[in-house]
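Q: Pasting upload-v8.cif below, which is mmCIF, C-alpha atoms, pLDDT in the B column; chains and numbers go by the auth columns.
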```cif
data_entry
#
loop_
_atom_site.group_PDB
_atom_site.id
_atom_site.type_symbol
_atom_site.label_atom_id
_atom_site.label_comp_id
_atom_site.label_asym_id
_atom_site.label_seq_id
_atom_site.Cartn_x
_atom_site.Cartn_y
_atom_site.Cartn_z
_atom_site.B_iso_or_equiv
_atom_site.auth_seq_id
_atom_site.auth_asym_id
ATOM 1 C CA MET A 1 29.990 27.032 9.107 43.00 8 A
ATOM 2 C CA SER A 2 29.996 25.958 12.756 47.00 9 A
ATOM 3 C CA GLY A 3 28.090 29.121 13.696 50.00 10 A
ATOM 4 C CA HIS A 4 25.169 27.957 11.592 60.00 11 A
ATOM 5 C CA SER A 5 25.264 24.538 13.252 58.00 12 A
ATOM 6 C CA LYS A 6 25.231 26.052 16.731 62.00 13 A
ATOM 7 C CA TRP A 7 22.379 28.289 15.630 66.00 14 A
ATOM 8 C CA SER A 8 20.442 25.202 14.484 65.00 15 A
ATOM 9 C CA THR A 9 21.143 23.509 17.817 60.00 16 A
ATOM 10 C CA ILE A 10 19.829 26.503 19.751 60.00 17 A
ATOM 11 C CA LYS A 11 16.687 26.634 17.596 63.00 18 A
ATOM 12 C CA ARG A 12 16.049 22.948 18.221 56.00 19 A
ATOM 13 C CA LYS A 13 16.351 23.486 21.981 53.00 20 A
ATOM 14 C CA LYS A 14 14.121 26.564 21.931 56.00 21 A
ATOM 15 C CA GLY A 15 11.504 24.763 19.839 53.00 22 A
ATOM 16 C CA ALA A 16 11.502 21.374 21.525 46.00 23 A
ATOM 17 C CA THR A 17 7.744 21.219 22.123 43.00 24 A
ATOM 18 C CA ASP A 18 5.063 18.817 20.936 44.00 25 A
ATOM 19 C CA ALA A 19 3.625 21.542 18.710 48.00 26 A
ATOM 20 C CA LYS A 20 6.979 22.095 17.070 57.00 27 A
ATOM 21 C CA ARG A 21 7.492 18.353 16.642 57.00 28 A
ATOM 22 C CA GLY A 22 4.113 18.144 14.920 63.00 29 A
ATOM 23 C CA GLN A 23 5.151 20.974 12.615 75.00 30 A
ATOM 24 C CA VAL A 24 8.388 19.155 11.781 80.00 31 A
ATOM 25 C CA PHE A 25 6.472 15.986 10.910 85.00 32 A
ATOM 26 C CA THR A 26 4.093 17.985 8.701 86.00 33 A
ATOM 27 C CA ARG A 27 6.998 19.478 6.773 86.00 34 A
ATOM 28 C CA LEU A 28 8.697 16.115 6.407 88.00 35 A
ATOM 29 C CA SER A 29 5.448 14.568 5.154 90.00 36 A
ATOM 30 C CA LYS A 30 5.152 17.272 2.503 89.00 37 A
ATOM 31 C CA GLU A 31 8.750 16.728 1.433 88.00 38 A
ATOM 32 C CA ILE A 32 8.212 12.965 1.149 90.00 39 A
ATOM 33 C CA SER A 33 4.955 13.338 -0.801 90.00 40 A
ATOM 34 C CA VAL A 34 6.467 15.736 -3.339 88.00 41 A
ATOM 35 C CA ALA A 35 9.520 13.498 -3.790 88.00 42 A
ATOM 36 C CA ALA A 36 7.354 10.376 -4.179 89.00 43 A
ATOM 37 C CA ARG A 37 5.705 11.779 -7.306 86.00 44 A
ATOM 38 C CA SER A 38 8.782 10.599 -9.210 84.00 45 A
ATOM 39 C CA GLY A 39 8.426 7.076 -7.802 87.00 46 A
ATOM 40 C CA GLY A 40 7.595 5.488 -4.495 87.00 47 A
ATOM 41 C CA ASP A 41 10.718 3.339 -4.080 89.00 48 A
ATOM 42 C CA PRO A 42 13.473 5.059 -2.041 86.00 49 A
ATOM 43 C CA GLU A 43 16.052 2.694 -3.542 85.00 50 A
ATOM 44 C CA THR A 44 15.500 4.034 -7.046 86.00 51 A
ATOM 45 C CA ASN A 45 14.282 7.554 -6.178 86.00 52 A
ATOM 46 C CA PHE A 46 17.265 9.368 -4.680 82.00 53 A
ATOM 47 C CA ARG A 47 15.303 12.428 -3.626 83.00 54 A
ATOM 48 C CA LEU A 48 12.732 10.264 -1.849 88.00 55 A
ATOM 49 C CA ARG A 49 15.501 8.343 -0.127 87.00 56 A
ATOM 50 C CA LEU A 50 16.894 11.594 1.291 84.00 57 A
ATOM 51 C CA ALA A 51 13.461 12.696 2.497 87.00 58 A
ATOM 52 C CA VAL A 52 12.774 9.347 4.159 89.00 59 A
ATOM 53 C CA GLU A 53 16.193 9.342 5.847 84.00 60 A
ATOM 54 C CA ARG A 54 15.537 12.812 7.246 82.00 61 A
ATOM 55 C CA ALA A 55 12.156 11.672 8.535 86.00 62 A
ATOM 56 C CA ARG A 56 13.677 8.652 10.245 85.00 63 A
ATOM 57 C CA ALA A 57 16.392 10.831 11.800 78.00 64 A
ATOM 58 C CA ALA A 58 13.581 12.973 13.271 79.00 65 A
ATOM 59 C CA ASN A 59 11.927 9.834 14.709 85.00 66 A
ATOM 60 C CA MET A 60 8.902 10.192 12.469 89.00 67 A
ATOM 61 C CA PRO A 61 6.624 7.121 12.830 91.00 68 A
ATOM 62 C CA LYS A 62 6.879 4.552 10.044 92.00 69 A
ATOM 63 C CA ASP A 63 3.136 4.758 9.355 93.00 70 A
ATOM 64 C CA ASN A 64 3.426 8.510 8.732 91.00 71 A
ATOM 65 C CA ILE A 65 6.246 7.927 6.252 92.00 72 A
ATOM 66 C CA THR A 66 4.295 5.216 4.405 92.00 73 A
ATOM 67 C CA ARG A 67 1.174 7.391 4.258 91.00 74 A
ATOM 68 C CA ALA A 68 3.158 10.353 2.905 90.00 75 A
ATOM 69 C CA ILE A 69 4.672 8.167 0.162 91.00 76 A
ATOM 70 C CA LYS A 70 1.239 6.867 -0.840 90.00 77 A
ATOM 71 C CA LYS A 71 -0.121 10.407 -1.041 87.00 78 A
ATOM 72 C CA GLY A 72 2.716 11.324 -3.356 86.00 79 A
ATOM 73 C CA THR A 73 2.289 8.304 -5.630 86.00 80 A
ATOM 74 C CA GLY A 74 -1.499 8.734 -5.707 83.00 81 A
ATOM 75 C CA GLU A 75 -2.248 5.462 -3.920 83.00 82 A
ATOM 76 C CA GLU A 76 -3.935 7.433 -1.151 75.00 83 A
ATOM 77 C CA LYS A 77 -6.460 9.959 -2.399 72.00 84 A
ATOM 78 C CA GLY A 78 -7.544 13.181 -0.784 66.00 85 A
ATOM 79 C CA GLY A 79 -5.817 16.289 0.398 63.00 86 A
ATOM 80 C CA ALA A 80 -4.646 19.399 -1.429 68.00 87 A
ATOM 81 C CA VAL A 81 -2.247 19.313 -4.356 79.00 88 A
ATOM 82 C CA LEU A 82 1.206 20.366 -3.205 84.00 89 A
ATOM 83 C CA GLU A 83 3.891 22.062 -5.257 86.00 90 A
ATOM 84 C CA GLN A 84 7.464 22.950 -4.424 88.00 91 A
ATOM 85 C CA VAL A 85 8.404 26.590 -4.991 92.00 92 A
ATOM 86 C CA THR A 86 11.661 28.378 -4.147 94.00 93 A
ATOM 87 C CA TYR A 87 11.546 32.099 -3.425 96.00 94 A
ATOM 88 C CA GLU A 88 14.440 34.532 -3.361 96.00 95 A
ATOM 89 C CA GLY A 89 14.746 37.649 -1.271 96.00 96 A
ATOM 90 C CA TYR A 90 16.603 39.731 1.249 97.00 97 A
ATOM 91 C CA ALA A 91 16.322 40.212 4.980 96.00 98 A
ATOM 92 C CA GLN A 92 17.342 43.517 6.532 96.00 99 A
ATOM 93 C CA HIS A 93 20.919 44.762 5.943 95.00 100 A
ATOM 94 C CA GLY A 94 21.019 43.087 2.517 95.00 101 A
ATOM 95 C CA VAL A 95 21.306 39.511 3.811 96.00 102 A
ATOM 96 C CA ALA A 96 20.393 37.109 0.987 96.00 103 A
ATOM 97 C CA LEU A 97 17.754 34.411 1.479 96.00 104 A
ATOM 98 C CA MET A 98 16.786 31.323 -0.495 96.00 105 A
ATOM 99 C CA ILE A 99 13.430 30.090 0.787 96.00 106 A
ATOM 100 C CA GLU A 100 12.182 26.608 -0.140 93.00 107 A
ATOM 101 C CA THR A 101 8.449 26.052 0.257 93.00 108 A
ATOM 102 C CA VAL A 102 5.956 23.256 -0.314 90.00 109 A
ATOM 103 C CA THR A 103 2.511 24.764 -0.591 89.00 110 A
ATOM 104 C CA ASP A 104 -1.034 24.187 -1.804 87.00 111 A
ATOM 105 C CA ASN A 105 -1.532 27.937 -2.251 91.00 112 A
ATOM 106 C CA ARG A 106 1.142 30.087 -3.893 92.00 113 A
ATOM 107 C CA ASN A 107 -0.733 33.313 -3.223 94.00 114 A
ATOM 108 C CA ARG A 108 -0.813 32.633 0.505 94.00 115 A
ATOM 109 C CA ALA A 109 2.857 31.643 0.591 94.00 116 A
ATOM 110 C CA VAL A 110 3.953 34.799 -1.233 95.00 117 A
ATOM 111 C CA ALA A 111 1.754 37.069 0.876 96.00 118 A
ATOM 112 C CA GLU A 112 3.053 35.649 4.158 96.00 119 A
ATOM 113 C CA LEU A 113 6.684 35.837 3.079 97.00 120 A
ATOM 114 C CA ARG A 114 6.336 39.366 1.757 96.00 121 A
ATOM 115 C CA HIS A 115 4.637 40.505 4.971 97.00 122 A
ATOM 116 C CA ILE A 116 7.434 39.223 7.223 97.00 123 A
ATOM 117 C CA LEU A 117 10.291 40.450 5.054 97.00 124 A
ATOM 118 C CA THR A 118 8.802 43.871 4.352 96.00 125 A
ATOM 119 C CA LYS A 119 7.927 44.398 8.009 95.00 126 A
ATOM 120 C CA SER A 120 11.536 43.691 9.001 95.00 127 A
ATOM 121 C CA GLY A 121 13.072 45.916 6.329 95.00 128 A
ATOM 122 C CA GLY A 122 13.716 43.256 3.691 95.00 129 A
ATOM 123 C CA ASN A 123 11.958 42.256 0.494 95.00 130 A
ATOM 124 C CA LEU A 124 11.149 39.418 -1.889 95.00 131 A
ATOM 125 C CA GLY A 125 13.261 39.460 -5.047 92.00 132 A
ATOM 126 C CA GLU A 126 12.783 38.432 -8.647 91.00 133 A
ATOM 127 C CA THR A 127 13.794 34.977 -9.861 90.00 134 A
ATOM 128 C CA GLY A 128 17.572 34.928 -10.233 92.00 135 A
ATOM 129 C CA SER A 129 18.193 37.910 -7.976 93.00 136 A
ATOM 130 C CA VAL A 130 19.731 35.763 -5.232 95.00 137 A
ATOM 131 C CA THR A 131 20.405 32.327 -6.749 94.00 138 A
ATOM 132 C CA TRP A 132 23.799 33.371 -8.138 95.00 139 A
ATOM 133 C CA GLN A 133 25.073 33.835 -4.579 95.00 140 A
ATOM 134 C CA PHE A 134 24.527 30.163 -3.687 95.00 141 A
ATOM 135 C CA GLU A 135 25.488 26.694 -4.900 93.00 142 A
ATOM 136 C CA ASN A 136 24.003 23.239 -4.345 93.00 143 A
ATOM 137 C CA VAL A 137 26.085 20.984 -2.103 92.00 144 A
ATOM 138 C CA ALA A 138 25.793 17.692 -0.272 92.00 145 A
ATOM 139 C CA TYR A 139 25.885 18.201 3.494 91.00 146 A
ATOM 140 C CA PHE A 140 26.374 15.834 6.421 90.00 147 A
ATOM 141 C CA ALA A 141 26.473 16.620 10.133 88.00 148 A
ATOM 142 C CA PHE A 142 27.082 14.284 13.079 88.00 149 A
ATOM 143 C CA PRO A 143 28.508 14.379 16.621 86.00 150 A
ATOM 144 C CA PRO A 144 32.262 13.804 17.061 85.00 151 A
ATOM 145 C CA SER A 145 32.932 10.067 16.959 79.00 152 A
ATOM 146 C CA THR A 146 35.629 7.745 18.233 80.00 153 A
ATOM 147 C CA HIS A 147 37.388 8.153 14.889 83.00 154 A
ATOM 148 C CA SER A 148 40.241 10.647 14.846 87.00 155 A
ATOM 149 C CA GLU A 149 39.947 13.836 12.811 88.00 156 A
ATOM 150 C CA GLU A 150 42.709 12.591 10.518 90.00 157 A
ATOM 151 C CA ASP A 151 40.958 9.266 9.880 90.00 158 A
ATOM 152 C CA LEU A 152 37.634 10.985 9.208 91.00 159 A
ATOM 153 C CA PHE A 153 39.299 13.466 6.883 91.00 160 A
ATOM 154 C CA ASP A 154 40.935 10.691 4.858 93.00 161 A
ATOM 155 C CA LEU A 155 37.716 8.657 4.790 93.00 162 A
ATOM 156 C CA VAL A 156 35.399 11.341 3.420 93.00 163 A
ATOM 157 C CA VAL A 157 37.921 13.017 1.120 94.00 164 A
ATOM 158 C CA ASP A 158 38.656 9.667 -0.505 94.00 165 A
ATOM 159 C CA ALA A 159 34.878 9.352 -0.985 94.00 166 A
ATOM 160 C CA GLY A 160 34.675 12.736 -2.722 94.00 167 A
ATOM 161 C CA ALA A 161 34.154 15.289 0.077 94.00 168 A
ATOM 162 C CA GLU A 162 35.499 18.786 -0.528 92.00 169 A
ATOM 163 C CA ASP A 163 35.588 20.235 2.997 89.00 170 A
ATOM 164 C CA LEU A 164 35.220 19.327 6.662 88.00 171 A
ATOM 165 C CA ALA A 165 34.600 21.427 9.758 87.00 172 A
ATOM 166 C CA PHE A 166 35.289 20.122 13.253 86.00 173 A
ATOM 167 C CA SER A 167 34.021 21.553 16.553 81.00 174 A
ATOM 168 C CA GLU A 168 33.396 20.202 20.039 79.00 175 A
ATOM 169 C CA GLU A 169 29.718 19.635 19.258 79.00 176 A
ATOM 170 C CA ILE A 170 29.594 18.616 15.619 84.00 177 A
ATOM 171 C CA VAL A 171 31.448 17.417 12.544 89.00 178 A
ATOM 172 C CA GLU A 172 30.280 18.845 9.211 90.00 179 A
ATOM 173 C CA VAL A 173 31.094 17.402 5.797 92.00 180 A
ATOM 174 C CA PHE A 174 30.599 19.247 2.507 93.00 181 A
ATOM 175 C CA ALA A 175 30.713 17.575 -0.893 94.00 182 A
ATOM 176 C CA SER A 176 29.475 18.001 -4.434 93.00 183 A
ATOM 177 C CA VAL A 177 25.946 16.859 -5.165 91.00 184 A
ATOM 178 C CA GLU A 178 27.374 14.055 -7.303 92.00 185 A
ATOM 179 C CA SER A 179 29.386 12.744 -4.342 92.00 186 A
ATOM 180 C CA PHE A 180 26.455 12.480 -1.952 90.00 187 A
ATOM 181 C CA LYS A 181 26.013 8.720 -2.251 88.00 188 A
ATOM 182 C CA SER A 182 29.724 7.871 -2.091 93.00 189 A
ATOM 183 C CA VAL A 183 30.230 9.977 1.049 93.00 190 A
ATOM 184 C CA SER A 184 27.038 8.573 2.591 89.00 191 A
ATOM 185 C CA ASP A 185 28.202 5.017 1.901 90.00 192 A
ATOM 186 C CA ALA A 186 31.656 5.743 3.349 93.00 193 A
ATOM 187 C CA LEU A 187 30.156 7.014 6.608 92.00 194 A
ATOM 188 C CA GLU A 188 27.847 4.011 6.789 89.00 195 A
ATOM 189 C CA LEU A 189 30.802 1.640 6.446 91.00 196 A
ATOM 190 C CA VAL A 190 32.298 3.001 9.689 91.00 197 A
ATOM 191 C CA ASN A 191 28.899 3.035 11.440 90.00 198 A
ATOM 192 C CA ILE A 192 28.418 6.800 11.434 89.00 199 A
ATOM 193 C CA ALA A 193 24.745 7.751 11.137 84.00 200 A
ATOM 194 C CA PRO A 194 24.531 11.506 10.389 84.00 201 A
ATOM 195 C CA ASP A 195 21.989 13.640 12.220 80.00 202 A
ATOM 196 C CA GLU A 196 21.641 15.511 8.940 81.00 203 A
ATOM 197 C CA ALA A 197 22.290 14.223 5.426 84.00 204 A
ATOM 198 C CA MET A 198 20.860 16.421 2.710 83.00 205 A
ATOM 199 C CA LEU A 199 21.318 18.494 -0.402 87.00 206 A
ATOM 200 C CA ARG A 200 21.231 22.172 0.433 88.00 207 A
ATOM 201 C CA MET A 201 22.187 25.638 -0.751 91.00 208 A
ATOM 202 C CA GLU A 202 25.495 27.039 0.504 91.00 209 A
ATOM 203 C CA PRO A 203 26.470 30.708 0.118 92.00 210 A
ATOM 204 C CA LYS A 204 29.546 31.490 -1.960 91.00 211 A
ATOM 205 C CA ASN A 205 30.394 34.501 0.213 92.00 212 A
ATOM 206 C CA MET A 206 29.278 35.420 3.715 91.00 213 A
ATOM 207 C CA VAL A 207 27.945 38.731 5.039 93.00 214 A
ATOM 208 C CA GLU A 208 29.169 39.716 8.508 93.00 215 A
ATOM 209 C CA LEU A 209 27.192 42.247 10.559 95.00 216 A
ATOM 210 C CA SER A 210 27.444 43.548 14.093 96.00 217 A
ATOM 211 C CA PRO A 211 26.257 41.075 16.773 93.00 218 A
ATOM 212 C CA SER A 212 23.032 43.040 17.372 94.00 219 A
ATOM 213 C CA ASP A 213 22.215 43.341 13.654 95.00 220 A
ATOM 214 C CA THR A 214 23.015 39.644 13.152 93.00 221 A
ATOM 215 C CA ALA A 215 20.666 38.653 15.987 92.00 222 A
ATOM 216 C CA GLN A 216 17.914 40.790 14.428 94.00 223 A
ATOM 217 C CA VAL A 217 18.304 39.045 11.072 94.00 224 A
ATOM 218 C CA MET A 218 18.314 35.660 12.812 92.00 225 A
ATOM 219 C CA LYS A 219 14.958 36.505 14.390 92.00 226 A
ATOM 220 C CA THR A 220 13.564 37.461 10.985 95.00 227 A
ATOM 221 C CA ILE A 221 14.751 34.156 9.528 93.00 228 A
ATOM 222 C CA GLU A 222 13.207 32.327 12.473 90.00 229 A
ATOM 223 C CA SER A 223 9.861 34.023 11.706 93.00 230 A
ATOM 224 C CA VAL A 224 10.112 32.936 8.072 94.00 231 A
ATOM 225 C CA GLU A 225 10.952 29.360 9.092 90.00 232 A
ATOM 226 C CA ALA A 226 7.885 29.271 11.342 88.00 233 A
ATOM 227 C CA LEU A 227 5.518 29.649 8.370 91.00 234 A
ATOM 228 C CA ASP A 228 3.654 26.424 7.570 88.00 235 A
ATOM 229 C CA ASP A 229 4.603 26.486 3.879 91.00 236 A
ATOM 230 C CA VAL A 230 8.335 26.985 4.464 91.00 237 A
ATOM 231 C CA GLN A 231 10.595 23.936 4.347 88.00 238 A
ATOM 232 C CA ASN A 232 14.108 25.398 4.416 89.00 239 A
ATOM 233 C CA VAL A 233 15.760 28.810 4.537 92.00 240 A
ATOM 234 C CA TYR A 234 19.335 29.322 3.347 93.00 241 A
ATOM 235 C CA THR A 235 21.256 32.519 4.021 93.00 242 A
ATOM 236 C CA ASN A 236 24.675 34.105 3.567 94.00 243 A
ATOM 237 C CA LEU A 237 24.632 35.543 7.085 93.00 244 A
ATOM 238 C CA GLU A 238 27.810 34.970 9.110 91.00 245 A
ATOM 239 C CA VAL A 239 26.735 33.838 12.584 89.00 246 A
ATOM 240 C CA THR A 240 29.271 34.779 15.262 86.00 247 A
ATOM 241 C CA THR A 241 29.498 33.570 18.851 85.00 248 A
ATOM 242 C CA GLU A 242 28.517 37.031 20.086 89.00 249 A
ATOM 243 C CA ALA A 243 25.407 37.057 17.900 87.00 250 A
ATOM 244 C CA LEU A 244 24.469 33.560 19.072 86.00 251 A
ATOM 245 C CA THR A 245 24.670 34.742 22.672 86.00 252 A
ATOM 246 C CA LEU A 246 22.282 37.626 21.970 87.00 253 A
ATOM 247 C CA TYR A 247 19.921 35.390 20.002 84.00 254 A
ATOM 248 C CA ALA A 248 19.879 32.613 22.609 80.00 255 A
ATOM 249 C CA GLY A 249 19.239 35.088 25.414 77.00 256 A
ATOM 250 C CA ASP A 250 15.774 36.010 24.161 63.00 257 A
#
```
Show me, as structure tokens, the structure contained in the file I just sent.
A:
Amino acid sequence: MSGHSKWSTIKRKKGATDAKRGQVFTRLSKEISVAARSGGDPETNFRLRLAVERARAANMPKDNITRAIKKGTGEEKGGAVLEQVTYEGYAQHGVALMIETVTDNRNRAVAELRHILTKSGGNLGETGSVTWQFENVAYFAFPPSTHSEEDLFDLVVDAGAEDLAFSEEIVEVFASVESFKSVSDALELVNIAPDEAMLRMEPKNMVELSPSDTAQVMKTIESVEALDDVQNVYTNLEVTTEALTLYAGD
């Protein structure tokens, strides 16, 4: 799991530009607006609460968050109608992909995804062709704290967490979807504010390729993530230190 976290860190460093930050805010606004359709109060709308927390973690201005909520609830008129669509497919070498999008044009989203995947040697799949390889989990990530590994382990496991991963750069916590709130509350009690707190798709089994093939797939995934309609990409690719070195060197 730590390979994926280091990969995310590298991508953040490589993309730390104003243009990229604007793209991040756009994606977060879409996520908030879609979630707000079920209610504009984060206290009673769990999905909206998650989206707002992610926006705050990214330092998104409060006015942007409020405006996105109002668009979702219909208080603020105008703009295209957004819908959330998840696509399934494969990158080269049979690496599975779950691609979450929020789009105002399904035809455009499909065409852009198909172009990138086909060009790289992959393909879009039918509904259900990839889903079985993943499961929904609650995920938290934060820098190592002053709390010992043993204390953190006891804290989150007592709150319902199923797994932890420690590295020099990051602590990752995995739990069932049902345990998201209890784990979140437990971390808050000891003043730990996660950099990431979300529900996401985790692969049941990983695919390990050579470092060069892994780096190629990582570049394909990066191209998919750069599309305006794409919110998240989940993969079963095992990211090794050697592959990270090749990827980061470009």
Q: Can you list, as number ranges by chain, every protein, DNA or RNA residue that comes within 9 Å of Ala250 of chain A when you count only C-alpha atoms, leaving out same-chain residues fewer than 2 positions away?
A: A: 217-222, 225, 246-248, 252-255
Q: Which value, in Å to one decimal, gives the distance between atom CA of Asp202 of chain A and atom CA of Phe149 of chain A?
A: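 Pair atom CA of Asp202 of chain A / atom CA of Phe149 of chain A returns 5.2 Å.
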Q: Could you pull out every residue with an atom within 9 Å of (7.2, 24.6, 1.0), file coordinates, counting only C-alpha atoms, and send them as a VMD selection string?
A: chain A and resid 34 37 to 38 89 to 93 106 to 111 116 235 to 239
Q: Could you spell out the hits of the PyMOL selection byres ((chain A and resi 183-193) around 9) on the shown file, as a list of chain:residue names?
A: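 This file, filtered by the PyMOL selection byres ((chain A and resi 183-193) around 9), leaves A:Asn143, A:Val144, A:Ala145, A:Tyr146, A:Phe147, A:Leu162, A:Val163, A:Val164, A:Asp165, A:Ala166, A:Gly167, A:Ala168, A:Glu169, A:Val180, A:Phe181, A:Ala182, A:Leu194, A:Glu195, A:Leu196, A:Val197, A:Asn198, A:Ile199, A:Ala200, A:Pro201, A:Ala204, A:Met205, A:Leu206.
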Q: Written as a PyMOL selection string, which residues does the PyMOL selection byres ((chain A and resi 81-83) around 12) give for the file shown?
A: chain A and resi 40-41+43-47+73-80+84-88
Q: Can you work out the spacing between atom CA of Ser127 of chain A and atom CA of Glu215 of chain A in Å, to one decimal?
A: 18.1 Å
Q: For the atom pair atom CA of Val231 of chain A and atom CA of Gly96 of chain A, what is the interatomic distance in Å to one decimal place?
A: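 Between these atoms lies a distance of 11.4 Å.
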Q: Would you kindly translate the PyMOL selection byres ((chain A and resi 66-70) around 10) into the concrete residues it picks from this file, as a list in words?
A: Arg28, Gly29, Val31, Phe32, Thr33, Leu35, Ser36, Val59, Glu60, Arg61, Ala62, Arg63, Ala64, Ala65, Asn71, Ile72, Thr73, Arg74, Ala75 and Ile76 of chain A
Q: So which residues touch Ala98 of chain A within 10 Å, counting all atoms listed in the file, skipping near sequence neighbours fewer than 6 positions away, as a PyMOL selection string?
A: chain A and resi 104+123-131+223-225+227-228+242+244
Q: Could you check which of A:Tyr94, A:Ala148, A:His100, A:Thr51 is closest to Val117 of chain A, using all atoms listed in the file?
A: A:Tyr94
Q: Here is a test: counting all atoms listed in the file, which residue of A:Leu120, A:Glu229, A:Leu216, A:Glu95 is nearest to Glu249 of chain A?
A: A:Leu216
